[in-house]
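Trainee: If it helps, the file is called upload_35.txt and holds compact mmCIF, C-alpha atoms:
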```txt
# COMPACT_ATOMS: atom_id res chain seq x y z
CA ALA N 262 51.46 -69.16 -42.33
CA GLN N 263 53.19 -72.40 -43.10
CA SER N 264 56.71 -73.18 -44.19
CA VAL N 265 58.88 -76.15 -45.07
CA THR N 266 62.58 -76.64 -44.47
CA GLN N 267 64.50 -79.39 -46.20
CA LEU N 268 67.87 -79.98 -44.56
CA GLY N 269 70.55 -80.52 -47.18
CA SER N 270 70.19 -79.34 -50.74
CA HIS N 271 72.26 -82.30 -51.94
CA VAL N 272 72.51 -85.80 -50.47
CA SER N 273 74.83 -88.44 -51.88
CA VAL N 274 74.57 -92.16 -51.00
CA SER N 275 76.01 -95.40 -52.29
CA GLU N 276 73.82 -97.92 -54.04
CA GLY N 277 72.31 -100.21 -51.38
CA ALA N 278 72.72 -97.67 -48.58
CA LEU N 279 69.98 -96.08 -46.50
CA VAL N 280 68.36 -92.99 -47.93
CA LEU N 281 67.28 -90.32 -45.42
CA LEU N 282 65.93 -86.99 -46.63
CA ARG N 283 64.91 -84.55 -43.92
CA CYS N 284 61.87 -82.30 -43.85
CA ASN N 285 60.62 -80.06 -41.06
CA TYR N 286 57.49 -77.96 -41.32
CA SER N 287 55.71 -75.23 -39.48
CA SER N 288 51.96 -74.97 -39.56
CA SER N 289 49.44 -73.40 -37.26
CA VAL N 290 46.98 -76.22 -37.86
CA PRO N 291 47.39 -79.98 -38.33
CA PRO N 292 48.86 -80.31 -41.79
CA TYR N 293 48.66 -82.50 -44.79
CA LEU N 294 52.22 -83.47 -45.78
CA PHE N 295 53.60 -84.61 -49.10
CA TRP N 296 56.77 -85.83 -50.75
CA TYR N 297 57.13 -85.33 -54.49
CA VAL N 298 59.87 -86.64 -56.77
CA GLN N 299 61.17 -84.99 -59.92
CA TYR N 300 63.26 -86.95 -62.38
CA PRO N 301 65.45 -85.00 -64.82
CA ASN N 302 63.48 -82.92 -67.33
CA GLN N 303 60.15 -84.12 -65.98
CA GLY N 304 57.33 -82.76 -63.88
CA LEU N 305 56.74 -83.60 -60.23
CA GLN N 306 54.96 -86.77 -59.24
CA LEU N 307 53.57 -87.73 -55.87
CA LEU N 308 55.70 -90.15 -53.86
CA LEU N 309 53.55 -90.32 -50.73
CA LYS N 310 51.27 -88.24 -48.54
CA TYR N 311 50.06 -87.99 -44.97
CA THR N 312 46.56 -86.70 -44.31
CA THR N 313 45.16 -88.42 -41.20
CA GLY N 314 45.47 -91.76 -39.44
CA ALA N 315 48.62 -93.86 -39.37
CA THR N 316 51.70 -91.72 -39.00
CA LEU N 317 53.96 -94.08 -40.97
CA VAL N 318 53.13 -93.66 -44.62
CA LYS N 319 54.31 -95.94 -47.40
CA GLY N 320 54.75 -94.67 -50.92
CA ILE N 321 55.88 -95.84 -54.30
CA ASN N 322 59.28 -97.36 -55.09
CA GLY N 323 59.90 -98.53 -51.50
CA PHE N 324 59.90 -95.07 -49.90
CA GLU N 325 58.21 -94.30 -46.62
CA ALA N 326 57.89 -91.31 -44.29
CA GLU N 327 56.85 -90.85 -40.70
CA PHE N 328 54.83 -87.90 -39.42
CA LYS N 329 56.16 -86.84 -36.02
CA LYS N 330 54.03 -84.06 -34.63
CA SER N 331 56.23 -83.48 -31.57
CA GLU N 332 59.24 -82.90 -33.82
CA THR N 333 57.27 -81.22 -36.65
CA SER N 334 59.06 -83.54 -39.04
CA PHE N 335 58.22 -85.72 -42.02
CA HIS N 336 61.49 -87.37 -43.03
CA LEU N 337 61.63 -89.59 -46.10
CA THR N 338 63.49 -92.91 -45.95
CA LYS N 339 64.30 -95.91 -48.10
CA PRO N 340 66.26 -98.86 -46.70
CA SER N 341 68.33 -99.53 -49.82
CA ALA N 342 69.07 -96.96 -52.52
CA HIS N 343 68.88 -97.86 -56.18
CA MET N 344 70.48 -96.02 -59.06
CA SER N 345 67.01 -95.19 -60.37
CA ASP N 346 66.28 -93.20 -57.18
CA ALA N 347 68.56 -90.40 -58.34
CA ALA N 348 66.25 -87.39 -58.61
CA GLU N 349 65.20 -84.22 -56.80
CA TYR N 350 62.80 -84.62 -53.90
CA PHE N 351 60.43 -81.97 -52.61
CA CYS N 352 58.60 -81.88 -49.30
CA ALA N 353 55.33 -79.90 -49.20
CA VAL N 354 52.75 -78.91 -46.60
CA LYS N 355 49.11 -77.93 -46.80
CA GLY N 356 47.36 -76.55 -43.75
CA LEU N 357 43.74 -77.56 -43.34
CA GLY N 358 42.69 -73.95 -43.47
CA SER N 359 44.55 -73.13 -46.68
CA ASN N 360 42.11 -74.78 -49.08
CA TYR N 361 44.21 -75.79 -52.05
CA LYS N 362 47.59 -74.13 -51.69
CA LEU N 363 50.70 -76.20 -51.02
CA THR N 364 53.96 -74.72 -49.74
CA PHE N 365 57.08 -76.47 -51.03
CA GLY N 366 60.55 -76.84 -49.62
CA LYS N 367 63.53 -75.92 -51.76
CA GLY N 368 64.26 -79.49 -52.69
CA THR N 369 66.98 -82.08 -52.06
CA LEU N 370 68.94 -83.53 -54.93
CA LEU N 371 69.70 -87.21 -54.32
CA THR N 372 72.74 -88.70 -56.02
CA VAL N 373 73.26 -92.47 -55.93
CA ASN N 374 76.81 -93.70 -56.48
CA PRO N 375 77.56 -97.17 -57.85
CA ASN J 79 43.56 -89.65 -70.22
CA ALA J 80 46.11 -86.85 -70.78
CA GLY J 81 45.97 -85.28 -67.28
CA VAL J 82 47.71 -81.88 -67.35
CA THR J 83 49.10 -80.72 -70.70
CA GLN J 84 51.45 -77.78 -71.06
CA THR J 85 52.55 -76.11 -74.29
CA PRO J 86 55.09 -75.20 -75.47
CA LYS J 87 57.75 -77.36 -73.81
CA PHE J 88 60.53 -74.98 -74.80
CA GLN J 89 60.53 -71.30 -75.74
CA VAL J 90 63.17 -68.63 -76.30
CA LEU J 91 62.13 -64.98 -76.12
CA LYS J 92 63.83 -61.65 -76.45
CA THR J 93 63.50 -59.07 -73.70
CA GLY J 94 60.24 -57.17 -74.07
CA GLN J 95 58.40 -59.80 -76.06
CA SER J 96 55.13 -61.24 -74.82
CA MET J 97 53.90 -64.79 -74.91
CA THR J 98 51.37 -67.19 -73.43
CA LEU J 99 52.06 -70.54 -71.79
CA GLN J 100 49.12 -72.86 -72.21
CA CYS J 101 47.78 -75.31 -69.61
CA ALA J 102 44.89 -77.68 -70.22
CA GLN J 103 43.48 -80.39 -67.95
CA ASP J 104 40.93 -83.12 -68.52
CA MET J 105 40.43 -84.18 -64.88
CA ASN J 106 37.63 -81.71 -64.11
CA HIS J 107 39.70 -80.24 -61.29
CA GLU J 108 38.46 -76.96 -59.90
CA TYR J 109 41.88 -75.72 -58.77
CA MET J 110 44.62 -74.79 -61.23
CA SER J 111 47.90 -73.06 -60.51
CA TRP J 112 51.18 -71.93 -62.02
CA TYR J 113 54.57 -72.39 -60.36
CA ARG J 114 58.03 -71.40 -61.43
CA GLN J 115 61.05 -73.49 -60.54
CA ASP J 116 64.50 -71.96 -60.20
CA PRO J 117 67.70 -73.63 -58.96
CA GLY J 118 67.91 -73.53 -55.16
CA MET J 119 64.54 -71.79 -54.86
CA GLY J 120 62.16 -74.74 -55.03
CA LEU J 121 58.72 -74.06 -56.48
CA ARG J 122 57.12 -70.68 -56.09
CA LEU J 123 53.45 -70.02 -56.71
CA ILE J 124 52.72 -67.38 -59.36
CA HIS J 125 48.93 -67.37 -59.75
CA TYR J 126 46.10 -69.74 -59.00
CA SER J 127 42.41 -70.24 -59.68
CA VAL J 128 39.72 -72.05 -57.70
CA GLY J 129 37.24 -72.07 -60.57
CA ALA J 130 36.19 -70.47 -63.83
CA GLY J 131 36.17 -66.69 -63.54
CA ILE J 132 38.18 -66.68 -60.28
CA THR J 133 41.90 -66.00 -60.10
CA ASP J 134 44.26 -64.82 -57.38
CA GLN J 135 47.90 -63.95 -56.89
CA GLY J 136 50.47 -66.24 -55.40
CA GLU J 137 53.92 -65.55 -54.05
CA VAL J 138 55.56 -64.09 -57.19
CA PRO J 139 52.84 -62.62 -59.48
CA ASN J 140 54.62 -59.57 -60.90
CA GLY J 141 55.06 -59.64 -64.67
CA TYR J 142 52.48 -62.37 -65.19
CA ASN J 143 48.80 -62.38 -66.01
CA VAL J 144 46.22 -65.18 -65.92
CA SER J 145 42.59 -65.77 -66.76
CA ARG J 146 40.24 -68.72 -66.28
CA SER J 147 37.34 -68.68 -68.72
CA THR J 148 36.78 -72.46 -68.63
CA THR J 149 37.37 -75.26 -66.14
CA GLU J 150 39.85 -76.90 -68.50
CA ASP J 151 42.23 -74.06 -69.41
CA PHE J 152 44.47 -71.74 -67.41
CA PRO J 153 46.89 -69.77 -69.60
CA LEU J 154 49.81 -67.80 -68.16
CA ARG J 155 50.74 -64.61 -69.98
CA LEU J 156 54.08 -62.88 -69.83
CA LEU J 157 53.35 -59.25 -70.66
CA SER J 158 56.89 -58.00 -71.34
CA ALA J 159 59.49 -60.72 -70.85
CA ALA J 160 62.58 -60.03 -68.76
CA PRO J 161 65.72 -62.16 -68.25
CA SER J 162 64.62 -62.68 -64.62
CA GLN J 163 61.68 -64.68 -65.97
CA THR J 164 64.00 -67.34 -67.39
CA SER J 165 62.74 -70.41 -65.56
CA VAL J 166 60.87 -73.67 -65.79
CA TYR J 167 57.14 -73.19 -65.42
CA PHE J 168 54.76 -75.85 -64.11
CA CYS J 169 51.02 -75.97 -64.21
CA ALA J 170 49.40 -77.99 -61.42
CA THR J 171 45.82 -78.92 -60.66
CA GLN J 172 43.93 -80.20 -57.66
CA GLY J 173 40.46 -81.61 -57.30
CA THR J 174 37.95 -82.96 -54.85
CA GLY J 175 37.42 -86.66 -55.34
CA THR J 176 35.17 -89.18 -53.61
CA LYS J 177 37.30 -88.93 -50.46
CA GLY J 178 37.29 -85.15 -50.43
CA ASN J 179 40.20 -82.89 -51.14
CA THR J 180 43.42 -84.46 -49.86
CA GLY J 181 45.55 -81.71 -51.33
CA GLU J 182 47.40 -83.70 -53.96
CA LEU J 183 48.65 -81.62 -56.86
CA PHE J 184 48.90 -83.06 -60.36
CA PHE J 185 51.67 -81.50 -62.45
CA GLY J 186 52.27 -80.97 -66.12
CA GLU J 187 55.67 -81.77 -67.60
CA GLY J 188 56.82 -78.17 -67.55
CA SER J 189 57.65 -75.38 -69.98
CA ARG J 190 61.25 -74.24 -70.14
CA LEU J 191 61.49 -70.53 -70.94
CA THR J 192 64.65 -68.60 -71.77
CA VAL J 193 64.57 -64.82 -72.05
CA LEU J 194 67.59 -63.27 -73.77
```
Give the structure from this file in structure tokens form.

Mentor:
Amino acid sequence: AQSVTQLGSHVSVSEGALVLLRCNYSSSVPPYLFWYVQYPNQGLQLLLKYTTGATLVKGINGFEAEFKKSETSFHLTKPSAHMSDAAEYFCAVKGLGSNYKLTFGKGTLLTVNP
Amino acid sequence: NAGVTQTPKFQVLKTGQSMTLQCAQDMNHEYMSWYRQDPGMGLRLIHYSVGAGITDQGEVPNGYNVSRSTTEDFPLRLLSAAPSQTSVYFCATQGTGTKGNTGELFFGEGSRLTVL
């Protein structure tokens, strides 16, 4: 079985500050890892994903995440927050043996203050 | 290219009523699924399908029914609506492209359901 834990249901940063959203996973097999973003009243869209290869993954809108197997983590970062980054962010994991199913964390709401 | 289309976007029901949430995709994806999103609970899988004629239960299937008669459509039926089914429902698909299946889900815009 696999699970995802997102530390902090709500993170608040100032515009221009570092964004760090934490995600830890458990999986019995090497996972595929994802970050999705949800803007208000919209569906989820893919921000970035790790499947194989380079452990530092770059996504859209200046976000990146690093897969650390030893720490079972996949934290999402952005050097400088923008007002438009305000949204809810979901981490998800897919084990190689689970075919299609993704398991999602409970989400982190990011607020960006002017 | 519409992607994943959900209808209706908003619906209000009375307890005991039945209804169907529609999901259609034009990406020829074999996998289709329904999630519900509730505050503080993240997304929870209701039902999923890996192809026409094949469906299976997810994490929270009670009170919901699905069928998959075509590749394109995956309707979600609420048999007898209850206030606990007030939620935002998302349809999501996944396919195998030229690089294989990397697990990415493609989401519809959601259907917001209120049961009074």

Trainee: May I have the residues at most 7 Å from (70.2, -96.0, -45.6) in the file's coordinates, counting all atoms listed in the file, as a ChimeraX atom specification?

Mentor: /N:278-281,339-341

Trainee: Only residues of chain N matter here; which ones have an atom within 8 Å of chain J, counting only C-alpha atoms? Give them as a ChimeraX atom specification.

Mentor: /N:270,293,295,302-307,312,351,355,361-363,365-368

Trainee: What does the file look like for those residues with C-alpha atoms, as a PDB file, in the frame of the given file?

Mentor:
```
ATOM      1  CA  SER N 270      70.190 -79.340 -50.740  1.00  0.00           C
ATOM      2  CA  TYR N 293      48.660 -82.500 -44.790  1.00  0.00           C
ATOM      3  CA  PHE N 295      53.600 -84.610 -49.100  1.00  0.00           C
ATOM      4  CA  ASN N 302      63.480 -82.920 -67.330  1.00  0.00           C
ATOM      5  CA  GLN N 303      60.150 -84.120 -65.980  1.00  0.00           C
ATOM      6  CA  GLY N 304      57.330 -82.760 -63.880  1.00  0.00           C
ATOM      7  CA  LEU N 305      56.740 -83.600 -60.230  1.00  0.00           C
ATOM      8  CA  GLN N 306      54.960 -86.770 -59.240  1.00  0.00           C
ATOM      9  CA  LEU N 307      53.570 -87.730 -55.870  1.00  0.00           C
ATOM     10  CA  THR N 312      46.560 -86.700 -44.310  1.00  0.00           C
ATOM     11  CA  PHE N 351      60.430 -81.970 -52.610  1.00  0.00           C
ATOM     12  CA  LYS N 355      49.110 -77.930 -46.800  1.00  0.00           C
ATOM     13  CA  TYR N 361      44.210 -75.790 -52.050  1.00  0.00           C
ATOM     14  CA  LYS N 362      47.590 -74.130 -51.690  1.00  0.00           C
ATOM     15  CA  LEU N 363      50.700 -76.200 -51.020  1.00  0.00           C
ATOM     16  CA  PHE N 365      57.080 -76.470 -51.030  1.00  0.00           C
ATOM     17  CA  GLY N 366      60.550 -76.840 -49.620  1.00  0.00           C
ATOM     18  CA  LYS N 367      63.530 -75.920 -51.760  1.00  0.00           C
ATOM     19  CA  GLY N 368      64.260 -79.490 -52.690  1.00  0.00           C
TER      20      GLY N 368
END
```

Trainee: What's the separation between atom CA of J:Asp151 and atom CA of J:Gln103, in Å to one decimal place?

Mentor: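 Separation of atom CA of J:Asp151 and atom CA of J:Gln103: 6.6 Å.
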
Trainee: Calculate how many Å separate atom CA of N:Phe335 from atom CA of N:Thr369, rounding to one decimal.

Mentor: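 Pair atom CA of N:Phe335 / atom CA of N:Thr369 returns 13.8 Å.
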
Trainee: Counting only C-alpha atoms, what is within 6 Å of stretch 82-98 of chain J, bar same-chain residues fewer than 4 positions away, as a list of chain:residue names?

Mentor: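 That gives J:Ala102, J:Gln103, J:Leu154, J:Arg155, J:Leu156, J:Leu157, J:Ser158, J:Ala159, J:Ala160, J:Gly186, J:Ser189, J:Arg190, J:Leu191, J:Thr192, J:Val193, J:Leu194.
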
Trainee: Neighbourhood query: residues within 6 Å of (55.7, -86.6, -52.8), file coordinates, counting all atoms listed in the file; return as a count of residues only.

Mentor: 7

Trainee: Tell me, in Å to one decimal, how far atom CA of N:Ser287 is from atom CA of J:Gly129.

Mentor: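 Interatomic distance, atom CA of N:Ser287 to atom CA of J:Gly129: 28.2 Å.
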
Trainee: Nearest to N:Ser345: which of N:Leu268, N:Leu282, N:Val373, N:Ala315 is it, counting all atoms listed in the file?

Mentor: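 Closest candidate: N:Val373.
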
Trainee: Show me, as a list in words, the residues that have an atom within 8 Å of N:Val265 when counting all atoms listed in the file, minus same-chain residues fewer than 3 positions from it.

Mentor: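 Those residues are Cys284, Asn285, Tyr286, Ser287, Cys352, Ala353, Val354, Thr364, Phe365 and Gly366 of chain N.
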
Trainee: Could you save those same residues with C-alpha atoms as an mmCIF file, in the frame of the given file?

Mentor:
```cif
data_model
loop_
_atom_site.group_PDB
_atom_site.id
_atom_site.type_symbol
_atom_site.label_atom_id
_atom_site.label_comp_id
_atom_site.auth_asym_id
_atom_site.auth_seq_id
_atom_site.Cartn_x
_atom_site.Cartn_y
_atom_site.Cartn_z
ATOM 1 C CA CYS N 284 61.870 -82.300 -43.850
ATOM 2 C CA ASN N 285 60.620 -80.060 -41.060
ATOM 3 C CA TYR N 286 57.490 -77.960 -41.320
ATOM 4 C CA SER N 287 55.710 -75.230 -39.480
ATOM 5 C CA CYS N 352 58.600 -81.880 -49.300
ATOM 6 C CA ALA N 353 55.330 -79.900 -49.200
ATOM 7 C CA VAL N 354 52.750 -78.910 -46.600
ATOM 8 C CA THR N 364 53.960 -74.720 -49.740
ATOM 9 C CA PHE N 365 57.080 -76.470 -51.030
ATOM 10 C CA GLY N 366 60.550 -76.840 -49.620
#
```

Trainee: Please define a box with edges along x, y and z of the file around all atoms of stretch 86-89 of chain J given in the file, extend it by 5 Å on each side, and return its centre and edge lengths in Å to one decimal, as AutoDock Vina command-line options.

Mentor:
```
--center_x 57.8 --center_y -74.3 --center_z -74.8 --size_x 15.4 --size_y 16.1 --size_z 11.9
```

Trainee: Find, counting only C-alpha atoms, the residue in N:Thr372, N:Gly320, N:Gln299, N:Gly314 that gets nearest to N:Leu337.

Mentor: N:Gly320
